[in-house]
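J.: So that we are looking at the same thing, I have put the structure below in C-alpha cells.
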Amino acid sequence: AAIFCPELITKEHKIMFLRCEQFNVDLAAIRLAKYWNTRIELFRGAAFRPLTIERMSDEDRKEMSIAFVRLLPDTDGTGRCNIYVDPRVLEGKEYDNERMVRAAWLILHEALETESTQQKGIVFLVFLEGALLRHFDR
C-alpha cells in the first residue's frame, strides 16, 4: 500500500491502528498488515483507491442498498458506533456473496473512521429472528 497508494497511508490512517491497540506499536503493525491484506483480497486493484460509496461499482451499490448491515446515526452513549445487522432482508433477494462482504466492509470502514470507535469499539445489534444459516455463509 505504501508503494501503490502512499496518499492513503496518512498519519491519521496509522494512528487509527495505534488507538485500536492502545498504542502498542507491534500489535498495531500486525493489525495494519492484516487490514491491508484483507482490503486487497476483497477489493483487488480498487483497494488502492479511497473506499467510498461513490467509488463503488453499480453491482456493489446494489448489495449496499439491501442494507443487510447498517451504520446507525447515533453512538451508544459511550462513543461506540452502533451497527445493525438484519439477515432477514436477504431472504428472497438476489445478491452476490463477495459483493455483500465488500458492502459490509465499507460500513465497518466508515465506522472506524470515528476516533471514539477506534478507541472504544463497535456495538453490533444483530436481529436473528427468522435468520437462517445460509445468511451467514462467509
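So you can find residues: chains in the C-alpha cells are A, B, ... in the order shown, residues in each start at 1, and ligands are numbered from 1 in order.
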Can you list, as a PyMOL selection string, every protein, DNA or RNA residue that comes within 9 Å of stretch 84-91 of chain A when you count only C-alpha atoms, leaving out same-chain residues fewer than 3 positions away?

T.: chain A and resi 66-72+94-95+123-132+135-136

J.: Which one of A:Lys120, A:Arg31, A:Lys11, A:Arg39 sits closest to A:Val101 if you count only C-alpha atoms?

T.: A:Arg39

J.: I need the residues in chain A that are helix (DSSP H, G or I) according to DSSP; give them as an NGL selection string.

T.: :A and (6-8 or 11-20 or 25-48 or 53-55 or 58-66 or 87-90 or 97-111 or 115-120 or 133-136)

J.: Let's see if you can do this: from backbone DSSP, list all strand (DSSP E) residues in stretch 41-133 of chain A, as a list in words.

T.: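 Reading the DSSP output for stretch 41-133 of chain A, strand (DSSP E) covers Val69, Arg70, Leu71, Leu72, Pro73, Asp74, Thr75, Cys81, Asn82, Ile83, Tyr84, Val85, Ile122, Val123, Phe124, Leu125 and Val126 of chain A.
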
J.: So which residues touch A:Leu32 within 12 Å, counting only C-alpha atoms, skipping near sequence neighbours fewer than 2 positions away, as an MDAnalysis selection string?

T.: chainID A and resid 1:2 9 13:21 25:30 34:39

J.: Using only C-alpha atoms, pick whichever of A:Ile83, A:Cys5, A:Ala104, A:Ala111 has the shortest atom-to-atom distance to A:Ser65.

T.: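 So, comparing all the options, the nearest one is A:Ala104.
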
J.: Could you tell me how far atom CA of A:Glu113 lies from atom CA of A:Leu51, in Å and to one decimal?

T.: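 Distance between the two atoms: 11.5 Å.
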
J.: Rounded to one decimal, what separation in Å do you get between atom CA of A:Phe23 and atom CA of A:Arg102?

T.: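 Calculated distance between atom CA of A:Phe23 and atom CA of A:Arg102 is 28.0 Å.
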
J.: Could you tell me how far atom CA of A:Ser57 lies from atom CA of A:Leu8, in Å and to one decimal?

T.: 20.0 Å

J.: What's the 8 Å shell around stretch 59-61 of chain A, counting only C-alpha atoms, without same-chain residues fewer than 5 positions away, as a PyMOL selection string?

T.: chain A and resi 53+99-100+102-103
